[in-house]
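Content type compact mmCIF, C-alpha atoms, from the file start-v5.txt:
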```
# COMPACT_ATOMS: atom_id res chain seq x y z
CA MET A 89 18.94 -1.47 -4.92
CA SER A 90 19.80 2.00 -3.66
CA ASN A 91 17.20 4.63 -2.97
CA SER A 92 17.15 8.39 -3.19
CA SER A 93 15.38 8.67 0.17
CA LYS A 94 16.94 7.67 3.49
CA LEU A 95 13.50 7.61 5.12
CA LEU A 96 12.23 5.19 2.49
CA GLU A 97 15.33 3.10 3.03
CA LYS A 98 14.68 3.01 6.79
CA ALA A 99 11.09 1.86 6.33
CA ILE A 100 12.25 -0.85 3.91
CA GLU A 101 14.85 -2.04 6.43
CA GLN A 102 12.21 -2.24 9.15
CA PHE A 103 9.82 -4.32 7.06
CA ALA A 104 12.70 -6.49 5.85
CA SER A 105 13.40 -7.34 9.51
CA LEU A 106 10.08 -9.19 9.73
CA PRO A 107 10.33 -13.00 9.54
CA GLY A 108 10.41 -14.29 5.96
CA ILE A 109 10.41 -10.83 4.36
CA GLY A 110 13.19 -9.79 1.98
CA ARG A 111 14.05 -6.36 0.62
CA ARG A 112 11.92 -6.71 -2.52
CA THR A 113 8.78 -7.56 -0.57
CA ALA A 114 9.57 -4.86 2.00
CA LEU A 115 9.82 -2.35 -0.85
CA LYS A 116 6.44 -3.53 -2.17
CA PHE A 117 4.90 -2.93 1.28
CA VAL A 118 6.43 0.54 1.58
CA LEU A 119 5.30 1.62 -1.90
CA HIS A 120 1.84 0.30 -1.02
CA LEU A 121 1.79 2.43 2.13
CA LEU A 122 3.11 5.48 0.25
CA LYS A 123 0.02 5.33 -1.94
CA LYS A 124 -2.37 5.32 1.03
CA ASN A 125 -3.62 8.50 2.63
CA ALA A 126 -2.09 9.96 5.79
CA ASP A 127 -4.85 8.73 8.14
CA GLU A 128 -4.51 5.14 7.00
CA VAL A 129 -0.74 5.20 7.43
CA THR A 130 -1.06 6.77 10.88
CA ALA A 131 -3.54 4.06 11.90
CA PHE A 132 -1.08 1.44 10.69
CA ALA A 133 1.76 2.93 12.73
CA LYS A 134 -0.47 3.35 15.80
CA SER A 135 -1.52 -0.29 15.73
CA ILE A 136 2.18 -1.14 16.03
CA THR A 137 3.02 1.24 18.89
CA ASP A 138 -0.12 0.03 20.69
CA LEU A 139 1.36 -3.46 20.67
CA LYS A 140 3.99 -2.39 23.17
CA GLU A 141 2.35 0.55 24.88
CA ASN A 142 -1.16 -0.70 25.48
CA ILE A 143 -1.17 -4.47 25.30
CA LYS A 144 -0.65 -5.88 28.80
CA GLU A 145 -0.17 -9.34 30.25
CA CYS A 146 -3.26 -10.81 31.91
CA ALA A 147 -2.74 -10.75 35.70
CA VAL A 148 -4.33 -14.20 36.00
CA CYS A 149 -3.18 -16.32 33.06
CA HIS A 150 -0.38 -14.27 31.39
CA ASN A 151 -2.27 -14.19 28.08
CA ILE A 152 -2.10 -10.83 26.29
CA ALA A 153 -4.81 -8.45 27.44
CA ASP A 154 -6.09 -4.99 26.59
CA GLY A 155 -6.80 -4.34 30.28
CA GLU A 156 -5.73 -5.97 33.57
CA ILE A 157 -7.53 -9.25 32.83
CA CYS A 158 -7.73 -10.89 29.39
CA GLU A 159 -11.04 -11.43 27.63
CA ILE A 160 -10.96 -15.18 28.24
CA CYS A 161 -10.44 -14.87 32.01
CA ALA A 162 -13.08 -12.12 32.16
CA ASP A 163 -15.64 -14.21 30.26
CA LYS A 164 -18.16 -15.52 32.83
CA ARG A 165 -19.43 -18.17 30.38
CA ARG A 166 -16.12 -20.01 30.44
CA ASP A 167 -15.57 -22.93 32.79
CA ALA A 168 -13.25 -21.75 35.58
CA ASP A 169 -12.89 -25.34 36.83
CA ILE A 170 -10.52 -26.32 34.02
CA ILE A 171 -7.12 -24.77 33.27
CA CYS A 172 -5.28 -25.61 30.06
CA VAL A 173 -1.53 -25.02 30.44
CA VAL A 174 0.20 -23.79 27.26
CA GLU A 175 3.63 -22.58 26.29
CA ASN A 176 2.71 -19.29 24.58
CA ILE A 177 -0.18 -17.12 23.42
CA ARG A 178 -0.02 -18.55 19.93
CA ASP A 179 -1.05 -21.92 21.40
CA ILE A 180 -4.11 -20.26 22.95
CA MET A 181 -5.09 -18.97 19.50
CA SER A 182 -4.66 -22.44 17.98
CA ILE A 183 -6.77 -24.11 20.68
CA GLU A 184 -9.43 -21.37 20.53
CA ALA A 185 -9.63 -21.95 16.78
CA THR A 186 -10.66 -25.58 17.41
CA ALA A 187 -13.66 -24.38 19.52
CA GLN A 188 -13.23 -27.61 21.56
CA PHE A 189 -12.19 -26.04 24.86
CA LYS A 190 -14.28 -23.78 27.04
CA GLY A 191 -12.11 -23.54 30.15
CA LEU A 192 -9.38 -21.07 31.08
CA TYR A 193 -5.69 -21.00 30.15
CA HIS A 194 -2.33 -20.46 31.76
CA VAL A 195 0.60 -19.29 29.63
CA LEU A 196 3.97 -20.53 30.90
CA GLY A 197 5.97 -18.29 28.58
CA GLY A 198 8.18 -21.21 27.54
CA ILE A 199 9.09 -24.71 28.72
CA ILE A 200 11.76 -26.01 31.06
CA SER A 201 14.88 -26.49 28.95
CA PRO A 202 18.18 -26.92 30.84
CA MET A 203 20.06 -26.92 27.50
CA ASP A 204 18.85 -23.34 26.88
CA GLY A 205 19.30 -22.38 30.52
CA ILE A 206 15.54 -22.07 31.11
CA GLY A 207 14.53 -23.28 34.55
CA PRO A 208 11.16 -23.27 36.39
CA ALA A 209 11.92 -19.84 37.90
CA ASP A 210 12.09 -18.29 34.40
CA LEU A 211 8.54 -19.37 33.62
CA ASN A 212 5.08 -18.54 34.95
CA ILE A 213 5.04 -21.77 36.99
CA ASN A 214 4.72 -20.36 40.51
CA THR A 215 1.69 -18.29 39.57
CA LEU A 216 0.15 -21.43 38.04
CA ILE A 217 0.72 -23.49 41.20
CA ASP A 218 -0.66 -20.67 43.40
CA ARG A 219 -3.65 -20.43 41.10
CA ILE A 220 -4.34 -24.17 41.25
CA MET A 221 -3.82 -24.51 45.01
CA SER A 222 -5.76 -21.42 46.05
CA THR A 223 -8.88 -21.90 43.91
CA ASP A 224 -11.21 -24.84 43.38
CA VAL A 225 -9.83 -25.79 39.97
CA LYS A 226 -10.87 -29.39 39.25
CA GLU A 227 -8.89 -30.21 36.12
CA VAL A 228 -5.53 -29.26 34.66
CA ILE A 229 -4.76 -30.14 31.02
CA PHE A 230 -1.19 -29.83 29.72
CA ALA A 231 -1.15 -28.79 26.06
CA LEU A 232 2.63 -28.62 25.66
CA SER A 233 4.93 -29.68 22.85
CA ALA A 234 5.38 -33.44 22.45
CA THR A 235 9.08 -33.19 23.32
CA ILE A 236 11.25 -34.21 26.27
CA GLU A 237 11.15 -30.58 27.43
CA GLY A 238 7.36 -30.48 27.21
CA ASP A 239 7.03 -33.75 29.15
CA THR A 240 9.57 -32.59 31.76
CA THR A 241 7.69 -29.35 32.30
CA ALA A 242 4.35 -31.13 32.68
CA TYR A 243 5.85 -33.67 35.10
CA TYR A 244 7.54 -30.93 37.16
CA ILE A 245 4.23 -29.11 37.61
CA TYR A 246 2.33 -32.36 38.16
CA LYS A 247 4.53 -33.23 41.16
CA LYS A 248 3.74 -29.87 42.77
CA ILE A 249 -0.04 -30.13 42.43
CA LYS A 250 -0.76 -33.87 42.67
CA ASP A 251 -1.46 -33.70 46.43
CA LYS A 252 -4.38 -31.34 45.98
CA GLU A 253 -7.66 -33.16 46.61
CA ASN A 254 -10.09 -33.92 43.81
CA ILE A 255 -7.93 -32.74 40.94
CA THR A 256 -7.59 -34.44 37.55
CA VAL A 257 -4.40 -33.82 35.63
CA SER A 258 -4.14 -34.81 31.95
CA THR A 259 -2.15 -34.12 28.83
CA ILE A 260 -3.49 -33.76 25.30
CA ALA A 261 -3.49 -36.98 23.26
CA LYS A 262 -0.55 -37.75 21.01
CA GLY A 263 -1.30 -39.80 17.93
CA ILE A 264 -1.44 -39.76 14.17
CA SER A 265 -2.86 -36.65 12.52
CA ILE A 266 -6.41 -36.91 11.23
CA GLY A 267 -6.35 -37.51 7.50
CA ASN A 268 -2.74 -38.73 7.56
CA ASP A 269 -1.68 -42.01 5.98
CA LEU A 270 -0.10 -44.46 8.41
CA GLU A 271 2.91 -44.90 6.15
CA PHE A 272 3.83 -41.24 6.48
CA THR A 273 3.57 -41.16 10.28
CA ASP A 274 6.88 -41.30 12.17
CA GLU A 275 7.54 -44.41 14.29
CA LEU A 276 7.50 -42.64 17.65
CA THR A 277 4.10 -41.09 17.05
CA LEU A 278 2.72 -44.34 15.64
CA GLY A 279 4.08 -46.28 18.62
CA ARG A 280 2.55 -43.78 21.04
CA SER A 281 -0.79 -43.97 19.26
CA ILE A 282 -0.83 -47.77 19.67
CA VAL A 283 0.03 -47.60 23.38
CA ASN A 284 -2.66 -44.95 23.92
CA ARG A 285 -5.28 -46.72 21.78
CA ILE A 286 -8.86 -45.74 22.47
CA SER A 287 -11.57 -48.40 22.98
CA PHE A 288 -14.70 -48.17 20.90
CA SER A 289 -17.45 -47.18 23.24
CA GLY A 290 -20.80 -48.91 22.87
CA MET O 94 -8.95 -17.30 14.49
CA SER O 95 -10.29 -15.06 17.23
CA ASN O 96 -8.07 -13.24 19.67
CA SER O 97 -8.44 -12.18 23.24
CA SER O 98 -6.98 -8.73 22.48
CA LYS O 99 -8.65 -6.16 20.26
CA LEU O 100 -5.36 -4.28 19.90
CA LEU O 101 -3.63 -7.42 18.69
CA GLU O 102 -6.50 -7.99 16.30
CA LYS O 103 -6.13 -4.45 14.94
CA ALA O 104 -2.40 -4.86 14.32
CA ILE O 105 -3.05 -8.19 12.56
CA GLU O 106 -5.67 -6.55 10.36
CA GLN O 107 -3.25 -3.77 9.42
CA PHE O 108 -0.48 -6.15 8.42
CA ALA O 109 -2.99 -8.37 6.60
CA SER O 110 -3.88 -5.33 4.45
CA LEU O 111 -0.37 -5.37 2.91
CA PRO O 112 -0.18 -6.88 -0.57
CA GLY O 113 0.18 -10.66 -0.53
CA ILE O 114 -0.10 -10.97 3.26
CA GLY O 115 -2.78 -13.15 4.83
CA ARG O 116 -3.93 -13.36 8.44
CA ARG O 117 -1.53 -16.14 9.40
CA THR O 118 1.53 -14.26 8.17
CA ALA O 119 0.21 -11.03 9.73
CA LEU O 120 -0.08 -12.85 13.05
CA LYS O 121 3.50 -14.10 12.70
CA PHE O 122 4.67 -10.48 12.15
CA VAL O 123 2.73 -9.21 15.16
CA LEU O 124 4.00 -11.94 17.50
CA HIS O 125 7.51 -11.19 16.23
CA LEU O 126 7.06 -7.50 17.11
CA LEU O 127 5.56 -8.36 20.51
CA LYS O 128 8.81 -10.12 21.40
CA LYS O 129 10.95 -7.07 20.52
CA ASN O 130 11.70 -4.34 23.03
CA ALA O 131 9.76 -1.08 23.15
CA ASP O 132 12.45 1.01 21.40
CA GLU O 133 12.61 -1.32 18.42
CA VAL O 134 8.85 -1.34 18.03
CA THR O 135 8.69 2.46 18.30
CA ALA O 136 11.39 2.77 15.61
CA PHE O 137 9.35 0.46 13.38
CA ALA O 138 6.20 2.55 13.82
CA LYS O 139 8.12 5.81 13.33
CA SER O 140 9.58 4.62 10.03
CA ILE O 141 6.00 4.17 8.85
CA THR O 142 4.66 7.56 9.99
CA ASP O 143 7.77 9.19 8.48
CA LEU O 144 6.69 7.81 5.10
CA LYS O 145 3.77 10.19 5.03
CA GLU O 146 4.91 12.98 7.29
CA ASN O 147 8.48 13.52 6.19
CA ILE O 148 8.92 12.06 2.72
CA LYS O 149 8.24 14.77 0.15
CA GLU O 150 8.02 14.87 -3.61
CA CYS O 151 11.10 16.31 -5.37
CA ALA O 152 10.22 19.80 -6.69
CA VAL O 153 12.13 19.08 -9.90
CA CYS O 154 11.49 15.48 -10.91
CA HIS O 155 8.64 14.28 -8.60
CA ASN O 156 10.79 11.46 -7.23
CA ILE O 157 10.44 10.90 -3.47
CA ALA O 158 12.77 13.13 -1.48
CA ASP O 159 13.73 13.68 2.15
CA GLY O 160 14.04 17.42 1.49
CA GLU O 161 12.87 19.79 -1.28
CA ILE O 162 15.06 18.20 -3.96
CA CYS O 163 15.75 14.46 -4.25
CA GLU O 164 19.24 13.03 -3.89
CA ILE O 165 19.50 12.31 -7.61
CA CYS O 166 18.61 15.87 -8.70
CA ALA O 167 20.93 17.29 -6.00
CA ASP O 168 23.87 15.11 -7.10
CA LYS O 169 26.26 17.35 -9.06
CA ARG O 170 28.03 14.33 -10.59
CA ARG O 171 24.93 13.33 -12.54
CA ASP O 172 24.49 14.44 -16.14
CA ALA O 173 21.83 17.18 -16.18
CA ASP O 174 21.73 17.08 -20.00
CA ILE O 175 19.73 13.84 -20.07
CA ILE O 176 16.27 13.27 -18.62
CA CYS O 177 14.83 9.77 -18.39
CA VAL O 178 11.01 9.87 -18.23
CA VAL O 179 9.47 7.12 -16.09
CA GLU O 180 6.02 6.20 -14.84
CA ASN O 181 6.74 5.84 -11.12
CA ILE O 182 9.48 5.86 -8.48
CA ARG O 183 9.77 2.09 -8.60
CA ASP O 184 11.02 2.45 -12.19
CA ILE O 185 13.74 4.82 -10.97
CA MET O 186 14.87 2.18 -8.48
CA SER O 187 14.94 -0.47 -11.23
CA ILE O 188 16.97 1.72 -13.59
CA GLU O 189 19.33 2.83 -10.80
CA ALA O 190 19.91 -0.84 -10.01
CA THR O 191 21.27 -1.36 -13.54
CA ALA O 192 23.93 1.36 -12.97
CA GLN O 193 23.66 2.12 -16.72
CA PHE O 194 22.18 5.61 -16.48
CA LYS O 195 23.82 8.67 -14.99
CA GLY O 196 21.37 11.40 -16.02
CA LEU O 197 18.33 12.74 -14.21
CA TYR O 198 14.75 11.49 -14.08
CA HIS O 199 11.21 12.75 -14.38
CA VAL O 200 8.37 10.81 -12.75
CA LEU O 201 5.05 11.16 -14.58
CA GLY O 202 3.04 9.52 -11.83
CA GLY O 203 1.25 7.27 -14.34
CA ILE O 204 0.62 7.07 -18.08
CA ILE O 205 -2.11 8.46 -20.30
CA SER O 206 -4.96 5.95 -20.23
CA PRO O 207 -8.34 7.15 -21.52
CA MET O 208 -9.91 3.83 -20.47
CA ASP O 209 -9.04 4.61 -16.84
CA GLY O 210 -9.91 8.29 -17.25
CA ILE O 211 -6.28 9.40 -16.91
CA GLY O 212 -5.45 12.32 -19.20
CA PRO O 213 -2.29 14.45 -19.60
CA ALA O 214 -3.53 16.93 -16.97
CA ASP O 215 -3.55 14.20 -14.31
CA LEU O 216 0.15 13.53 -14.78
CA ASN O 217 3.37 15.49 -14.22
CA ILE O 218 3.58 16.28 -17.95
CA ASN O 219 3.42 20.08 -17.85
CA THR O 220 6.29 20.29 -15.38
CA LEU O 221 8.29 17.97 -17.67
CA ILE O 222 7.67 20.13 -20.74
CA ASP O 223 8.54 23.31 -18.78
CA ARG O 224 11.68 21.62 -17.54
CA ILE O 225 12.75 20.55 -21.02
CA MET O 226 11.93 23.87 -22.71
CA SER O 227 13.45 26.14 -20.04
CA THR O 228 16.78 24.34 -19.52
CA ASP O 229 19.43 23.12 -21.93
CA VAL O 230 18.49 19.46 -21.71
CA LYS O 231 19.94 17.68 -24.75
CA GLU O 232 18.36 14.27 -24.56
CA VAL O 233 15.05 12.82 -23.39
CA ILE O 234 14.70 9.05 -22.98
CA PHE O 235 11.26 7.52 -22.50
CA ALA O 236 11.42 4.44 -20.25
CA LEU O 237 7.70 3.68 -20.21
CA SER O 238 5.77 0.40 -20.37
CA ALA O 239 5.77 -1.29 -23.77
CA THR O 240 2.01 -0.86 -24.10
CA ILE O 241 -0.29 1.27 -26.23
CA GLU O 242 -0.68 3.61 -23.24
CA GLY O 243 3.08 3.92 -22.82
CA ASP O 244 3.58 4.65 -26.52
CA THR O 245 0.71 7.17 -26.53
CA THR O 246 2.17 9.01 -23.56
CA ALA O 247 5.63 9.15 -25.12
CA TYR O 248 4.22 10.36 -28.44
CA TYR O 249 2.05 13.01 -26.73
CA ILE O 250 5.09 14.45 -24.96
CA TYR O 251 7.29 14.08 -28.05
CA LYS O 252 4.94 16.29 -30.08
CA LYS O 253 5.20 19.05 -27.46
CA ILE O 254 9.01 19.09 -27.31
CA LYS O 255 10.11 18.13 -30.83
CA ASP O 256 10.46 21.77 -31.95
CA LYS O 257 13.14 22.52 -29.38
CA GLU O 258 16.52 22.85 -31.09
CA ASN O 259 19.28 20.28 -30.63
CA ILE O 260 17.25 17.77 -28.67
CA THR O 261 17.40 14.01 -29.09
CA VAL O 262 14.33 12.04 -28.08
CA SER O 263 14.50 8.25 -27.73
CA THR O 264 12.73 5.35 -26.12
CA ILE O 265 14.34 2.33 -24.45
CA ALA O 266 14.86 -0.64 -26.76
CA LYS O 267 12.22 -3.36 -26.92
CA GLY O 268 13.47 -6.82 -27.75
CA ILE O 269 13.91 -10.29 -26.40
CA SER O 270 15.12 -10.62 -22.82
CA ILE O 271 18.77 -11.49 -22.37
CA GLY O 272 19.09 -15.21 -21.64
CA ASN O 273 15.66 -15.98 -23.07
CA ASP O 274 15.11 -18.69 -25.68
CA LEU O 275 13.63 -17.42 -28.93
CA GLU O 276 10.88 -20.03 -28.81
CA PHE O 277 9.52 -18.59 -25.55
CA THR O 278 9.45 -15.00 -26.75
CA ASP O 279 6.04 -13.67 -27.76
CA GLU O 280 5.51 -12.80 -31.43
CA LEU O 281 5.06 -9.07 -30.93
CA THR O 282 8.32 -8.70 -29.03
CA LEU O 283 10.15 -10.92 -31.49
CA GLY O 284 8.75 -8.94 -34.43
CA ARG O 285 9.78 -5.67 -32.82
CA SER O 286 13.28 -7.00 -32.12
CA ILE O 287 13.69 -7.87 -35.83
CA VAL O 288 12.49 -4.45 -37.00
CA ASN O 289 14.82 -2.73 -34.53
CA ARG O 290 17.79 -4.98 -35.25
CA ILE O 291 21.18 -3.57 -34.32
CA SER O 292 24.12 -3.66 -36.80
CA PHE O 293 27.39 -5.17 -35.68
CA SER O 294 29.76 -2.26 -35.35
CA GLY O 295 33.28 -2.71 -36.68
```

Here is the file; what I need is its structure written in the form of structure tokens.
Amino acid sequence: MSNSSKLLEKAIEQFASLPGIGRRTALKFVLHLLKKNADEVTAFAKSITDLKENIKECAVCHNIADGEICEICADKRRDADIICVVENIRDIMSIEATAQFKGLYHVLGGIISPMDGIGPADLNINTLIDRIMSTDVKEVIFALSATIEGDTTAYYIYKKIKDKENITVSTIAKGISIGNDLEFTDELTLGRSIVNRISFSG
Amino acid sequence: MSNSSKLLEKAIEQFASLPGIGRRTALKFVLHLLKKNADEVTAFAKSITDLKENIKECAVCHNIADGEICEICADKRRDADIICVVENIRDIMSIEATAQFKGLYHVLGGIISPMDGIGPADLNINTLIDRIMSTDVKEVIFALSATIEGDTTAYYIYKKIKDKENITVSTIAKGISIGNDLEFTDELTLGRSIVNRISFSG
């Protein structure tokens, strides 16, 4: 579909570069914006430039932050004794959505993956180790992908911090999804859930 | 899902205001943009502000235009004797995609709809009539929705221009869609396609 406006075409191309968006949907977005008033469109554009210009990385945990420190690290009600180690900020959002964790986070920015040429030095691992060794953190929870890379990363960090006194290191439980039928669970997960079976208490 | 960045939240809200986009998809877009470099993100935002700041309405046909006159009206190879009357710019794109029309357009900006309080004065009807009466346009084609409102609009304009000499006024054919089974065609369309049957030529 050709257009009589190069500027319209450019906007369509930009929206079509978003994941999962084709030209038809991009055109729908652009026509929708064309109908809005100038202030609304400016606000839309500003929210995008702000993403790069004003969103910073938290100096403590590498989460995204509007200032120097992210809202989670700045929140005095959160338990500074526990650090949950995650791969990226999306994982923080997922865990926050569960409302089951009230400690702090540390974003690695990826996981160790020799196949992709990603080593410990490419990730926020040194800042994590400094943070654990220099404060009185009592527990570290690894919430990484259930893959060889995730396990390798957790084990690499574990070796560096295991000598600290009075520290508990754990990883989130792997098992069958709640609500899932056993017959649809893959063998590896099912096997792991049997090995890591949980005793009834009481 | 709550976020630790108000700026991120704002960008998500903006994307979630696009038609058919929910918060999860909006988040996916925003995280995608966060990973891009500053220049790319700025270009994205600029393409949006340009929509309002630099895209104008063609002084002749009310299509969108980068300058005073749109590319279609400025194109000398197009047939200025025929004007196709459409409701909105999206219709121009659809017709252009067929590559079956080489004349010019006129965008009404809507159709007459007393139920919605839209009368002839709210649309680009006067400029169309001026355009038809003051130039030597030979044919006017109405490509409006096949609804009572579309027919009313076409008839209203037809009455105003029918006294001009040597002018042909037509409306696009209504009939069954190409490739469609007769049994799935609605009765009104089928009835209309029988009334407007086309003789085999030759």

- When you get a sec, could you note down which chain A residues fall within 6 Å of chain O, using all atoms listed in the file, as a list of chain:residue names?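 So the residues of chain A near chain O are A:Met89, A:Ser92, A:Ser93, A:Ala99, A:Gln102, A:Ala126, A:Thr130, A:Phe132, A:Ala133, A:Ser135, A:Ile136, A:Thr137, A:Lys140, A:Ala153, A:Asp154, A:Glu159, A:Ala185.
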
- Message: Give me the residues near region 258-262 of chain O as a list of chain:residue names, where near means some atom within 9 Å (using all atoms listed in the file) and where sequence neighbours in that chain fewer than 3 positions away do not count.
- Response: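 Residues meeting the cut-off are O:Asp229, O:Val230, O:Lys231, O:Glu232, O:Val233, O:Ile234, O:Phe235, O:Tyr251, O:Ile254, O:Lys255.
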
- What is the distance, in Å and to one decimal place, between CA of Val153 (chain O) and CA of Gly210 (chain O)?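 Result for CA of Val153 (chain O) versus CA of Gly210 (chain O): 25.6 Å, one decimal.
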
- Could you jot down the CA of Asn181 (chain O) to CA of Lys267 (chain O) separation for me, Å, one decimal place?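 Interatomic distance, CA of Asn181 (chain O) to CA of Lys267 (chain O): 19.1 Å.
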
- Query: For Gly191 (chain A), which residue among A:Ile213, A:Ile170, A:Leu276, A:Ala261 is the nearest when counting all atoms listed in the file?
  - Reply: A:Ile170

- Query: Interatomic distance between CA of Val200 (chain O) and CA of Ile222 (chain O)?
  - Reply: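 These atoms are spaced 12.3 Å apart.
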
- Message: So that I can see what lies close to Ile236 (chain A), please list as a PyMOL selection string the residues with an atom at most 12 Å from it, counting all atoms listed in the file and leaving out residues fewer than 2 positions away in the same chain.
- Response: chain A and resi 199-203+232-234+238-244

Next, write the just-selected residues to a file, as a PDB file, in the coordinates of the input, keeping C-alpha atoms as the atom set.
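Ended up saving to again38.pdb:
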```pdb
ATOM      1  CA  ILE A 199       9.090 -24.710  28.720  1.00  0.00           C
ATOM      2  CA  ILE A 200      11.760 -26.010  31.060  1.00  0.00           C
ATOM      3  CA  SER A 201      14.880 -26.490  28.950  1.00  0.00           C
ATOM      4  CA  PRO A 202      18.180 -26.920  30.840  1.00  0.00           C
ATOM      5  CA  MET A 203      20.060 -26.920  27.500  1.00  0.00           C
ATOM      6  CA  LEU A 232       2.630 -28.620  25.660  1.00  0.00           C
ATOM      7  CA  SER A 233       4.930 -29.680  22.850  1.00  0.00           C
ATOM      8  CA  ALA A 234       5.380 -33.440  22.450  1.00  0.00           C
ATOM      9  CA  GLY A 238       7.360 -30.480  27.210  1.00  0.00           C
ATOM     10  CA  ASP A 239       7.030 -33.750  29.150  1.00  0.00           C
ATOM     11  CA  THR A 240       9.570 -32.590  31.760  1.00  0.00           C
ATOM     12  CA  THR A 241       7.690 -29.350  32.300  1.00  0.00           C
ATOM     13  CA  ALA A 242       4.350 -31.130  32.680  1.00  0.00           C
ATOM     14  CA  TYR A 243       5.850 -33.670  35.100  1.00  0.00           C
ATOM     15  CA  TYR A 244       7.540 -30.930  37.160  1.00  0.00           C
TER      16      TYR A 244
END
```

- Of the candidates A:Lys248, A:Asp169, A:Asp210, A:Val174, which shows the shortest atom-to-atom distance to Ala231 (chain A), using all atoms listed in the file?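 Ranking A:Lys248, A:Asp169, A:Asp210, A:Val174 by distance to Ala231 (chain A), first place goes to A:Val174.
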